[in-house]
Structures are given as C-alpha cells and as structure tokens.
Amino acid sequence: MTKVGVNAGLHPELAVAVLGEALRRGGDFAEVFAEDRRSLNLRLEDGRVEDVGSGRDRGASLRIVRGNTTLFGYAESLAESDLLALARELSRGVSPGEGGGAPVVALSATSARGPASDPPQFNPPARATLLRALDTGARSRGAEVRQVLANYGELEQRVWVANSRGAFATDLRRRVLIAATVVAQREGVIQTGRETWARSGSNEPPSREEAEEVGTLAAEKSLVMLGAGPAPTGRMPVVLAQGFGGVLFHEACGHGLEADFILKQSSVWEGLLGMRVAPEFLTALDDGVGAGLWGSNLIDDEGTPAQRTVVIEQGILSAYLVDLLRGDKLGLAATGNGRRESFRHIPYPRMTNTYFAPGAGTAQDLIAATPRAFYAKSLSGGEVNPATGDFVFGVSEGYLIEGGSVGRPVRGATLVGNGRRVLESIEAVAADLEVKAGMCGKEGQMVPVGTGQPTIRIREMTVGGTQL
Amino acid sequence: MRGPRELPDLGMEALAAGRRLPGEIEVFLEHSTTTSIKVFRGEPESVAAAEPRGAGVRYLWEGRQGYAYTSDLSPEGLRQAVVAAADNAAATDPDPDHRLPQAQAGYSPVPGLFRSGVGATPLDRKIALALEAEKLTLALPDVRMVEEAAYGDGERRVAVVSSRGISAYAEQTFAYLYVSAHAEREGQMESGLGFMGGREPADLAPGPVAEEAASRARRLLGAGPCPSGGYRVVLDRQIVAALLGMLAAAFQADAVQKGRSLFAGREGEAVASPLLELRDDGLHPAGLATFPFDDEGVARGGPTYLLKDGILGGFLYDSRTAGKAGRASTSNSSRPSYRSAPAVGASNLLLSDGAGTMEEVLRRVGEGLYVTEVSGLHSGINPVSGEVSVGIKGQLIHGGAPSRAVREATLATDLLSLLRSVTEVAGDAQWDYLHGSVFAPSLVLAEIAVSGV
C-alpha cells in the first residue's frame with residue numbers, strides 16, 4: 001500500500017475507492033472528509049509568555065447514510081490503507097440489503113482554493129512580541145490594571161470533501177486571533193474587560209499597534225466597569241450596540257432556523273417560512289462568504305459552496321439554514337451550513353456569520369431619540385432553547401440611557417426574552433453594521449462564527465439586574 | 001496501528017528521540033475507543049465509532065515551557081513533536097520555580113475503574129438502551145416528543161512518561177445515557193434533560209433517565225411571568241452542580257496566584273455558610289473523574305478540602321503552581337485531551353449532603369421560589385469578579401409546596417453572597433456529570449433578588 005504524500009490530502013482516485021468500499025454492502029450516501037490542520041497557540045499572563053504550543057491534526061472521517069441512520073467513524077491518518085480499512089469496518093454496520101448501495105458518481109470539483117502551498121512556518125518569537133505589546137498596551141492604562149491574560153492563536157486547515165453524489169471540494173482555511181482579558185481592581189471591587197481581534201482568510205498577524213490596542217481596549221472596559229453601579233431590574237426599552245449585540249439574533253432566532261431543529265419540529269420557527277415574523281424594515285442574513293469575516297469559508301464541511309442566505313427578508317421568514325441530509329428530507333437545497341469542528345465530528349446545520357442588514361441613521365441619532373433605556377454595549381455570550389425560543393444573554397458592558405444620552409455604567413445585568421416576541425418588538429435599526437468574531441457551541445462542537453448587527457432598539461425586554 | 005498497551009513504550013521512544021536536548025521532557029499519550037449512538041423515533045439516527053489517539057509533548061528548559069501534540073504516533077511523528085515542543089519553549093519567558101514533577105513512589109490502584117462491559121456489550125444492545133429510554137419517555141404524561149435520546153461509552157487508556165522518571169499507565173471505562181424531552185400543554189412547550197453516567201452499560205437504567213427528563217419538562221408547563229421581588233430561593237441540585245462546576249475556577253491556584261480569583265488572600269476566612277463543606281477527591285470510588293494519577297502523572301492522594309464549615313481551606317495545585325507556592329501538588333493537573341498543555345483543574349468535586357427530602361425542605365421554606373432550570377451560565381457567571389447573573393425558570397413555593405411555574409426571570413447576585421446566604425442543605429445529593437464530575441445536594445438561600453415583571 002502506498003502512503004499519500006505528507007502535504008497531499010485526499011486524491012479524487014482514493015476518495016472514489018473509499019466511497020465505493022463504504023457503499024459495497026448498501027447505503028444511500030457516503031462521504032469522506034479529510035483534514036490536515038496545523039495550529040499555534042501562545043499564552044501570556046503575569047507579563048510573561050508562559051506557554052507556547054503547536055499541533056498537527058491529520059485524519060479523515062467517513063459517513064454512510066442508509067435510510068434515517070448515519071454511520072460515522074474516523075481515522076487519525078490519511079494513509080490509503082487506513083482509509084480503506086475504515087470504510088470496510090464502517091460498512092459492516094450497514095444491514096445487508098438487496099445488493100450494493102448507491103453508485104458512486106464520478107467526482108467533479110465544485111470549488112477549490114489553492115494551490116496547496118507549503119505548510120505554514122510558524123514564528124513563535126515574533127508572535128510572543130505581539131503578546132508583550134498587548135500587555136504593555138493594557139498596563140499603560142494605570143495601576144488599577146492588575147492582571148493581563150492574553151492569547152494568540154493561528155491555524156491553517158486544509159480540507160477535502162468527497163461524496164457519492166460526485167461532489168469533490170477542497171478548501172484552505174486560515175485564521176488568526178488575539179484576545180485579551182484584563183482584570184482591574186479598585187477598593188476590593190474586581191472587574192474584567194475582554195477584547196478580541198480576529199482575521200479569517202489570511203495568516204497575516206495583527207500589527208504591533210493593533211495588538212497593543214486590543215490590550216488598551218480590554219483595559220478600558222475593565223476600568224469603566226469598576227465605576228459601574230448596580231443594573232436596573234424589570235421590563236424596559238433596550239438599545240443593543242453594534243457588533244456583539246448580534247448575539248441577540250444568533251440566540252433569539254439563528255439557532256431555531258437550523259434545519260435539524262426544523263426537521264425534528266423542535267423549533268418555534270418551524271412551519272413559518274413565508275410568514276411575517278418581524279417588522280418590515282428588518283432583514284437578516286447568514287453570510288458565509290463575507291470577506292474576512294470569522295465564520296466565512298469557501299465551502300462548508302460537506303463540500304457545499306458557502307453562500308449568503310437572506311433568512312428574514314423585510315420581515316418575512318425566507319430561509320432555513322440547511323445541510324445536505326436535512327435538506328433532502330425537508331425538500332430544501334443545502335445552503336452551505338453543514339459544519340463540523342473537525343474530522344472527528346459529524347456535521348450539523350450551523351450558522352456562519354449572522355447579522356441584521358443595516359438600516360438608516362447613526363447610532364447617535366438612535367440613542368438621542370431614546371428617552372430612557374438600558375444600553376447593552378458589549379455582550380458576553382448567551383444561550384437559547386430552540387424548542388421554546390427562550391433565550392438569555394449576559395451583558396459585560398452596560399449603561400443607562402437617560403434623556404437621549406448614554407449615562408452611568410451598570411454591571412451584572414442579564415437580558416432574557418423569547419425569540420419570536422423580541423424580533424417583533426425591534427423598533428429601530430441604525431446603519432452602523434459591525435460583525436465580531438465568536439465561537440459557537442452545539443452538540444459538543446465549537447465552530448467559528450461571526451455575530452453582528454447595527455445598533456438597534458427593542459421596545460421592551462426583561463433586564464435582570466440587582467437593583468429592585 | 002499499534003495496540004494501546006504499547007503507549008508507555010511509545011512514550012519512551014519519544015523520550016529517547018529527545019535525549020540530546022538539554023531540557024526535561026514529558027510525554028502524555030492517550031488512546032481511546034468510543035461509541036456514541038443517537039436514536040430518534042424508534043430507529044438509530046447516528047452511530048459513531050471513534051478511536052482518538054495521540055501524544056502531547058511538554059518540554060521544559062530553564063523554566064521555559066513548550067508544548068506540541070501530534071496524532072501521528074510513528075517514530076518520526078513523535079520526534080517532530082519533541083522538536084516542535086523544544087522550539088516552542090525557546091519563545092517563552094522563564095518561570096524559575098517551574099519543574100516537571102519527579103518520579104512517584106507508586107500509584108494507588110482503583111478497583112473497578114476499567115469494566116469489561118463496555119467492550120463486551122454488543123452494539124445492538126447499546127442501541128436498544130437508547131431506544132428503550134426514548135420509548136419510556138414518550139409514554140410519560142404530557143411528553144409530546146423526544147428530541148434526542150443518546151447512549152455513549154468509551155475505553156480510555158492514558159500513559160505519562162517523563163525524563164524526570166514519571167512512568168504511569170492506567171485504563172478506565174465510562175458509559176452514559178441521556179434523553180432530551182419536550183412536554184406540551186395548551187400549545188406551550190417546555191423541555192427537560194435526563195442524564196445518567198456510570199462505568200459500563202450495566203450501570204445505566206433507562207427508566208429513571210426517562211422520568212427525570214419528563215418531570216423536568218412537565219413541571220415548567222403553564223409557566224407564566226414571575227413577579228420581581230425578594231424570594232427565599234431553593235436551588236435544585238442540578239443547578240448547584242452547575243454552579244460548583246463554574247466556581248471550581250476560583251479554587252485553582254493559578255487563578256489565586258495571579259489575582260484573578262475572588263478567593264485570593266482569603267485562606268482561613270469564612271467565605272461561605274458554615275453549613276458548606278466542599279472537597280476535591282480524585283480517588284472517590286463513584287466519581288467519573290477518578291484515576292490513579294493526574295494528567296502530569298502525579299499520584300492522586302486523599303481529598304483536598306476547599307471549604308470546611310464555610311472556611312476557605314485550600315486551593316487546587318498542579319506541580320507548576322505548587323512550585324511557586326513552595327508546597328506539594330494536590331494532583332490537580334488536568335487537560336481535556338492530549339491536544340492541550342496541562343493546567344490546574346478539579347477532579348471530582350463533592351459538596352457534603354444535608355438532611356431531608358425535597359418535600360420536607362419546601363415545607364420548611366413555606367413561601368419562595370424553587371429554581372429548577374438556569375440558562376446563560378457561561379456568559380452569566382464571572383469567576384474573577386464573582387458576579388452571577390443568569391436566567392431562571394422554576395416554580396413558586398406557596399404554602400410549603402410547589403405551585404405555579406414561572407419563566408423569563410433572572411437571578412443576580414455574586415458568588416460570595418450566594419455561598420454565605422445558604423440557610424439549609426437538602427439531603428438529596430447525587431452525582432452530576434453535565435458540568436464535570438460533581439456530587440451536590442439542593443440548597444436553600446436566604447432572601448435574594450429575582451427580576452421578572
């Protein structure tokens with residue numbers, strides 16, 4: 001048996017052989033997903049670069065679908081003999097039916113990014129310099145900054161996907177991220193501030209100045225929150241700032257549009273295609289192709305080309321987020337949302353980059369027209385139950401708006417609500433769209449996503465604070 | 001492919017590959033076989049068999065630590081990982097107190113950690129367990145659907161070898177069963193999760209898992225708004241377990257030494273209600289995190305008391321933080337897999353049980369709020385500042401019994417106030433594996449602010 005070259009991935013000929021072996025005892029569909037990933041991570045704390053780590057993941061997984069059942073397995077290897085053995089082993093789980101399975105259609109490349117260049121040459125000393133610059137930036141904000149924790153991550157992932165329907169696609173993905181958490185203390189009160197810089201589609205690191213600014217911004221957030229008072233409590237108008245405010249759409253609506261929940265009828269958005277779910281001025285997208293956005297790729301992890309999907313068009317629910325297999329059952333075309341954490345995972349319908357399309361006017365105008373509201377400038381993440389639509393998210397930087405201007409900072413607030421109700425109660429959308437980088441967890445798998453929005457105002461939401 | 005029992009030999013090969021390097025080398029090797037099964041509407045939805053294996057190399061030279069991992073366990077793959085770890089170390093700043101742990105006197109055997117049932121049970125029987133859990137759940141009142149019923153298990157083999165003389169090898173098995181159920185009444189849907197974990201399929205019983213999922217969903221049916229105000233709150237044991245899972249970060253010595261723990265500098269102080277006793281026990285016979293050694297090969301010993309009568313008793317240390325503190329490791333080195341460098345982490349966390357059934361506890365509370373579901377834990381709990389702000393669902397307590405269900409409410413406090421405000425510990429402690437390996441009872445809190453409408 002020959003081994004494929006170290007930097008070569010999955011050749012189409014090998015893919016055809018593996019798919020054929022996989023379907024020999026029956027099955028409707030087979031897919032092989034191969035991956036070669038190299039990553040570098042650095043961590044700074046206490047002013048010192050304490051850990052530098054790197055790694056290599058090479059392997060392939062195989063899926064065989066028969067009826068409603070998916071068989072899944074993987075090998076931590078791209079060697080021909082290992083992949084064929086995996087296919088033989090997995091196909092034993094297919095209960096023998098009438099003869100063989102679906103034919104393997106001749107593969108045709110649907111998309112490719114390359115050519116496969118040399119593997120990345122990591123430069124840990126240069127990246128350590130960036131973390132030290134970040135530390136300097138954070139500590140320049142004064143002695144109340146007590147601790148700076150910073151991470152730098154860089155990865156290059158090559159993927160090859162082939163399936164029995166004839167799809168063969170490859171992608172080269174590069175991502176760089178630098179993040180800071182700053183701990184500030186004043187008279188026994190401790191607060192944290194967090195800031196992230198991320199880039200997708202390139203392995204170009206941030207400049208020294210950009211790294212320093214990440215530290216400065218995180219420090220400033222922590223210092224503002226040191227002076228914050230208790231958050232209010234009860235139902236009130238809420239203004240959600242541009243950027244991370246997009247966690248609202250991600251949690252309140254996005255997850256519920258994922259086709260696995262739709263197929264199982266366990267989403268509040270099931271059966272609502274073509275119906276009005278939001279005011280006419282509201283349009284929302286899942287944008288898998290936005291240049292440089294954190295959740296963008298050339299193809300999804302099933303080989304479907306990434307695309308920009310309008311999910312709410314002028315208030316009408318217009319699309320779900322669909323992977324190949326759920327698409328078949330729902331009678332919908334795949335939308336490039338079949339994603340997985342790595343070759344060790346089964347793909348699920350997942351968001352890419354989600355955001356509300358920009359409206360009109362500036363955030364300043366929107367705030368000036370708001371007599372009184374809770375202003376969520378930065379969110380720390382959230383959670384939703386797609387079956388009920390009930391969601392919650394944490395506010396890491398909050399203020400009160402009084403008389404049309406942003407007033408005192410408040411801390412410790414949570415926003416809770418229900419997805420369907422909150423979309424209906426959006427009453428203003430500004431033009432200042434911004435998309436931020438985040439990680440989304442589902443089914444035990446983390447994938448990079450973009451969440452964003454322009455500044456918006458919601459008529460009423462429950463703010464959970466400490467001040468009754 | 002090589003057999004799993006050769007893991008220590010592979011580790012020795014990697015050490016040999018690095019023998020000319022001046023620093024210390026540690027190799028962590030892992031080889032597991034896992035099965036995970038999901039069923040939906042009476043048939044398997046997915047059956048996944050996996051064999052994760054790989055090695056992580058830690059290289060330490062003059063206090064500089066580098067790490068590299070690989071899933072390629074060939075001699076060349078391991079050699080490349082050693083070289084990469086050494087290169088990575090050169091880019092770090094030295095930490096003079098940092099040494100790899102030295103050879104251990106021996107490891108306590110843990111009987112029953114590895115059970116034959118995982119390997120010996122046929123796949124069909126495992127699928128049948130998940131199908132049975134789904135069927136039993138669907139037969140319970142108000143259940144409209146089972147979104148997912150799942151069975152999973154694994155055999156895990158771990159070796160740690162080092163140039164300082166560590167040589168450890170052990171095996172364990174695990175198995176779990178869970179059901180996510182939706183209950184519906186008058187068009188309103190609520191969901192609930194039932195979960196059971198053990199060391200082999202025979203430890204799992206579909207009936208109780210089905211009952212837990214259904215009852216958690218059912219008791220929230222008809223939920224309405226929650227009036228804002230101060231309530232005496234009963235926190236269900238599952239929520240207490242989740243909170244402890246998050247609180248564990250504040251007991252880690254690295255967080256304490258670097259000023260990002262709310263417990264820093266408070267050893268010996270009363271930080272919690274005198275009713276609370278919390279310990280970390282890496283050898284507890286029932287814990288799923290039980291193992292003869294931690295993830296850098298340090299032998300697990302007796303329990304570490306974190307809270308005793310509400311007094312902060314100590315912290316969790318690995319060898320690095322122990323070196324800095326000039327003391328011994330508590331064998332709390334942890335890593336999620338060979339792909340991560342080790343760091344401080346809890347093993348099995350146990351909050352000592354109190355007395356009384358939930359009925360008795362609610363009767364004593366009289367009027368209040370019984371919180372049975374919490375959301376937004378990761379975004380809503382900050383283990384550095386101690387702030388807690390989470391979404392809650394549950395039932396109002398009226399006349400000493402649960403009454404109307406409530407939703408869209410939040411609970412905001414801070415971890416220290418919460419720990420101090422405990423007025424009663426229920427006698428219903430159980431193991432919970434959704435947020436680590438945690439043994440926790442339900443807790444009663446003195447009046448606390450709840451925000452609703």
# chains A, B, ... in the order shown; residues from 1 in each chain; ligands from 1
>>> closest_atom_pairs(of="chain A", to="chain B", cutoff="6 Å", atoms="only C-alpha atoms", output="tab-separated table")
residue	atom	partner	partner_atom	distance
A:Arg48	CA	B:Asp93	CA	5.5
A:Val49	CA	B:Thr92	CA	5.0
A:Glu50	CA	B:Thr92	CA	5.8
A:Asp51	CA	B:Gln65	CA	5.9
A:Val52	CA	B:Gly66	CA	5.2
A:Gly53	CA	B:Tyr67	CA	4.2
A:Ser54	CA	B:Ala68	CA	4.7
A:Gly55	CA	B:Tyr69	CA	4.6
A:Arg56	CA	B:Thr70	CA	5.2
A:Asn68	CA	B:Glu45	CA	5.9
A:Thr69	CA	B:Glu45	CA	4.5
A:Thr70	CA	B:Ser46	CA	4.4
A:Leu71	CA	B:Val47	CA	4.9
A:Phe72	CA	B:Ala48	CA	4.4
A:Gly73	CA	B:Ala49	CA	5.0
A:Tyr74	CA	B:Ala50	CA	5.9
A:Pro124	CA	B:Ala91	CA	5.8
A:Pro125	CA	B:Ala91	CA	4.8
A:Ile190	CA	B:Ser385	CA	5.0
A:Gln191	CA	B:Ser385	CA	5.3
A:Thr233	CA	B:Ser451	CA	5.7
A:Gly234	CA	B:Val453	CA	5.5
A:Ser380	CA	B:Ser379	CA	5.1
A:Gly381	CA	B:Ser379	CA	4.9
A:Gly382	CA	B:Gly376	CA	5.4
A:Glu383	CA	B:Gly376	CA	5.4
A:Thr388	CA	B:Met189	CA	5.9
A:Val392	CA	B:Gly376	CA	5.7
A:Phe393	CA	B:Gly376	CA	6.0
A:Gly394	CA	B:Ser379	CA	5.1
A:Gly412	CA	B:Ser389	CA	6.0
A:Thr414	CA	B:Ser389	CA	5.7
A:Val416	CA	B:Glu408	CA	5.9
A:Gly464	CA	B:Thr410	CA	5.1
A:Gly465	CA	B:Ala412	CA	5.8
A:Thr466	CA	B:Ala412	CA	5.5
>>> write_last_selection(atoms="N, CA and C atoms", output="mmCIF file, in the first residue's frame")
data_model
loop_
_atom_site.group_PDB
_atom_site.id
_atom_site.type_symbol
_atom_site.label_atom_id
_atom_site.label_comp_id
_atom_site.auth_asym_id
_atom_site.auth_seq_id
_atom_site.Cartn_x
_atom_site.Cartn_y
_atom_site.Cartn_z
ATOM 1 N N ARG A 48 4.383 37.613 31.373
ATOM 2 C CA ARG A 48 5.307 36.647 30.774
ATOM 3 C C ARG A 48 4.582 35.760 29.773
ATOM 4 N N VAL A 49 5.274 35.432 28.687
ATOM 5 C CA VAL A 49 4.747 34.422 27.778
ATOM 6 C C VAL A 49 5.001 33.084 28.454
ATOM 7 N N GLU A 50 3.928 32.476 28.980
ATOM 8 C CA GLU A 50 4.095 31.288 29.833
ATOM 9 C C GLU A 50 4.038 29.987 29.064
ATOM 10 N N ASP A 51 3.261 29.949 28.007
ATOM 11 C CA ASP A 51 3.119 28.710 27.257
ATOM 12 C C ASP A 51 3.102 28.995 25.766
ATOM 13 N N VAL A 52 3.815 28.165 25.034
ATOM 14 C CA VAL A 52 3.716 28.186 23.579
ATOM 15 C C VAL A 52 3.480 26.745 23.154
ATOM 16 N N GLY A 53 2.439 26.520 22.381
ATOM 17 C CA GLY A 53 2.131 25.157 21.950
ATOM 18 C C GLY A 53 1.786 25.128 20.477
ATOM 19 N N SER A 54 2.031 23.984 19.858
ATOM 20 C CA SER A 54 1.652 23.828 18.468
ATOM 21 C C SER A 54 1.174 22.401 18.262
ATOM 22 N N GLY A 55 0.486 22.179 17.174
ATOM 23 C CA GLY A 55 -0.025 20.824 16.964
ATOM 24 C C GLY A 55 -0.383 20.559 15.527
ATOM 25 N N ARG A 56 -0.555 19.301 15.273
ATOM 26 C CA ARG A 56 -0.883 18.848 13.929
ATOM 27 C C ARG A 56 -1.984 17.810 14.043
ATOM 28 N N ASN A 68 -32.753 6.431 7.556
ATOM 29 C CA ASN A 68 -32.654 7.521 8.529
ATOM 30 C C ASN A 68 -31.441 7.400 9.427
ATOM 31 N N THR A 69 -30.568 6.433 9.118
ATOM 32 C CA THR A 69 -29.437 6.176 10.011
ATOM 33 C C THR A 69 -28.106 6.586 9.379
ATOM 34 N N THR A 70 -27.301 7.295 10.162
ATOM 35 C CA THR A 70 -25.949 7.669 9.746
ATOM 36 C C THR A 70 -24.934 6.851 10.532
ATOM 37 N N LEU A 71 -24.018 6.201 9.825
ATOM 38 C CA LEU A 71 -22.892 5.536 10.484
ATOM 39 C C LEU A 71 -21.680 6.433 10.305
ATOM 40 N N PHE A 72 -20.922 6.611 11.380
ATOM 41 C CA PHE A 72 -19.815 7.562 11.326
ATOM 42 C C PHE A 72 -18.582 6.979 12.000
ATOM 43 N N GLY A 73 -17.441 7.203 11.409
ATOM 44 C CA GLY A 73 -16.185 6.773 12.026
ATOM 45 C C GLY A 73 -15.039 7.593 11.473
ATOM 46 N N TYR A 74 -13.896 7.553 12.132
ATOM 47 C CA TYR A 74 -12.753 8.287 11.603
ATOM 48 C C TYR A 74 -11.442 7.586 11.882
ATOM 49 N N PRO A 124 7.010 31.537 16.507
ATOM 50 C CA PRO A 124 6.608 31.839 17.889
ATOM 51 C C PRO A 124 7.282 33.082 18.491
ATOM 52 N N PRO A 125 8.592 33.309 18.272
ATOM 53 C CA PRO A 125 9.185 34.504 18.908
ATOM 54 C C PRO A 125 8.518 35.806 18.454
ATOM 55 N N ILE A 190 -13.479 43.891 41.936
ATOM 56 C CA ILE A 190 -12.722 43.350 40.811
ATOM 57 C C ILE A 190 -13.622 43.321 39.586
ATOM 58 N N GLN A 191 -13.115 43.780 38.447
ATOM 59 C CA GLN A 191 -13.873 43.697 37.210
ATOM 60 C C GLN A 191 -12.971 43.204 36.095
ATOM 61 N N THR A 233 -33.672 46.579 37.114
ATOM 62 C CA THR A 233 -34.412 45.330 37.027
ATOM 63 C C THR A 233 -35.795 45.603 36.474
ATOM 64 N N GLY A 234 -36.255 44.694 35.613
ATOM 65 C CA GLY A 234 -37.638 44.818 35.142
ATOM 66 C C GLY A 234 -37.718 44.965 33.643
ATOM 67 N N SER A 380 -21.532 39.168 26.693
ATOM 68 C CA SER A 380 -20.537 38.140 26.984
ATOM 69 C C SER A 380 -20.933 36.776 26.431
ATOM 70 N N GLY A 381 -22.051 36.688 25.764
ATOM 71 C CA GLY A 381 -22.477 35.398 25.219
ATOM 72 C C GLY A 381 -23.870 35.071 25.671
ATOM 73 N N GLY A 382 -24.399 33.959 25.208
ATOM 74 C CA GLY A 382 -25.773 33.654 25.561
ATOM 75 C C GLY A 382 -26.118 32.213 25.294
ATOM 76 N N GLU A 383 -27.394 31.920 25.392
ATOM 77 C CA GLU A 383 -27.870 30.556 25.279
ATOM 78 C C GLU A 383 -29.344 30.600 24.899
ATOM 79 N N THR A 388 -38.407 26.294 22.773
ATOM 80 C CA THR A 388 -39.289 27.279 23.392
ATOM 81 C C THR A 388 -39.007 28.685 22.884
ATOM 82 N N VAL A 392 -31.267 33.794 26.813
ATOM 83 C CA VAL A 392 -30.673 34.649 27.837
ATOM 84 C C VAL A 392 -29.318 35.065 27.319
ATOM 85 N N PHE A 393 -28.915 36.305 27.580
ATOM 86 C CA PHE A 393 -27.518 36.615 27.379
ATOM 87 C C PHE A 393 -26.996 37.580 28.413
ATOM 88 N N GLY A 394 -25.700 37.480 28.645
ATOM 89 C CA GLY A 394 -25.050 38.270 29.677
ATOM 90 C C GLY A 394 -24.509 39.573 29.096
ATOM 91 N N GLY A 412 -23.476 43.624 35.917
ATOM 92 C CA GLY A 412 -24.196 42.449 36.404
ATOM 93 C C GLY A 412 -25.580 42.283 35.823
ATOM 94 N N THR A 414 -28.384 40.762 33.017
ATOM 95 C CA THR A 414 -28.698 39.682 32.087
ATOM 96 C C THR A 414 -29.945 40.103 31.326
ATOM 97 N N VAL A 416 -33.174 38.623 29.289
ATOM 98 C CA VAL A 416 -33.899 37.392 28.957
ATOM 99 C C VAL A 416 -35.091 37.739 28.091
ATOM 100 N N GLY A 464 -32.401 41.814 33.843
ATOM 101 C CA GLY A 464 -32.237 41.271 35.184
ATOM 102 C C GLY A 464 -31.006 41.863 35.828
ATOM 103 N N GLY A 465 -31.212 42.730 36.773
ATOM 104 C CA GLY A 465 -30.098 43.324 37.490
ATOM 105 C C GLY A 465 -30.212 43.011 38.963
ATOM 106 N N THR A 466 -29.551 43.824 39.774
ATOM 107 C CA THR A 466 -29.576 43.593 41.216
ATOM 108 C C THR A 466 -30.410 44.631 41.939
#
>>> residues_around(residues="Leu396 in chain B", least_positions_apart="5", cutoff="8 Å", atoms="only C-alpha atoms", output="PyMOL selection string")
chain B and resi 367-370+402-406
>>> write_last_selection(atoms="N, CA and C atoms", output="mmCIF file, in the first residue's frame")
data_model
loop_
_atom_site.group_PDB
_atom_site.id
_atom_site.type_symbol
_atom_site.label_atom_id
_atom_site.label_comp_id
_atom_site.auth_asym_id
_atom_site.auth_seq_id
_atom_site.Cartn_x
_atom_site.Cartn_y
_atom_site.Cartn_z
ATOM 1 N N GLU B 367 -42.828 29.856 51.766
ATOM 2 C CA GLU B 367 -43.070 30.748 50.629
ATOM 3 C C GLU B 367 -41.725 31.056 49.981
ATOM 4 N N GLY B 368 -41.666 30.975 48.643
ATOM 5 C CA GLY B 368 -40.402 31.278 47.971
ATOM 6 C C GLY B 368 -40.427 30.863 46.524
ATOM 7 N N LEU B 369 -39.240 30.560 46.000
ATOM 8 C CA LEU B 369 -39.106 30.205 44.591
ATOM 9 C C LEU B 369 -38.190 28.987 44.473
ATOM 10 N N TYR B 370 -38.699 27.935 43.804
ATOM 11 C CA TYR B 370 -37.933 26.702 43.599
ATOM 12 C C TYR B 370 -37.357 26.775 42.179
ATOM 13 N N PRO B 402 -44.681 23.201 45.925
ATOM 14 C CA PRO B 402 -44.518 23.881 44.641
ATOM 15 C C PRO B 402 -45.862 24.272 44.057
ATOM 16 N N SER B 403 -45.961 25.486 43.499
ATOM 17 C CA SER B 403 -47.207 25.899 42.848
ATOM 18 C C SER B 403 -46.893 26.368 41.438
ATOM 19 N N ARG B 404 -47.439 27.493 41.010
ATOM 20 C CA ARG B 404 -47.376 27.955 39.628
ATOM 21 C C ARG B 404 -45.933 28.029 39.095
ATOM 22 N N ALA B 405 -45.737 27.592 37.819
ATOM 23 C CA ALA B 405 -44.422 27.676 37.180
ATOM 24 C C ALA B 405 -44.174 29.094 36.664
ATOM 25 N N VAL B 406 -42.924 29.512 36.670
ATOM 26 C CA VAL B 406 -42.569 30.860 36.199
ATOM 27 C C VAL B 406 -41.391 30.790 35.229
#
>>> atom_distance(atom1="CA of Ala437 in chain A", atom2="CA of Ser200 in chain A")
9.4 Å
>>> residues_around(residues="Pro347 in chain A", least_positions_apart="2", cutoff="12 Å", atoms="only C-alpha atoms", output="PyMOL selection string")
(chain A and resi 31-33+61-63+70+72+161+259-260+300-303+322-326+336-345+349-350+442-447) or (chain B and resi 46)
>>> atom_distance(atom1="CA of Arg174 in chain A", atom2="CA of Trp294 in chain A")
9.9 Å
>>> closest_residue(among="B:Ala202, B:Leu10, B:Ala272, B:Leu283", to="Arg115 in chain B", atoms="only C-alpha atoms")
B:Ala202
>>> residues_around(residues="Glu447 in chain B", least_positions_apart="6", cutoff="8 Å", atoms="only C-alpha atoms", output="number ranges by chain")
B: 230-233
>>> residues_around(residues="Gly288 in chain A", least_positions_apart="5", cutoff="10 Å", atoms="only C-alpha atoms", output="PyMOL selection string")
chain A and resi 293-300+305-309+335-337+351-354+449-450
>>> closest_residue(among="A:Glu187, A:Glu195, A:Glu270, A:Asp135", to="Leu44 in chain A", atoms="only C-alpha atoms")
A:Asp135
>>> residues_around(residues="Ala159 in chain B", least_positions_apart="2", cutoff="7 Å", atoms="only C-alpha atoms", output="list in words")
Leu7, Pro8, Phe28, Leu29, Glu30, Arg157, Val161, Ala168, Tyr169 and Ala170 of chain B
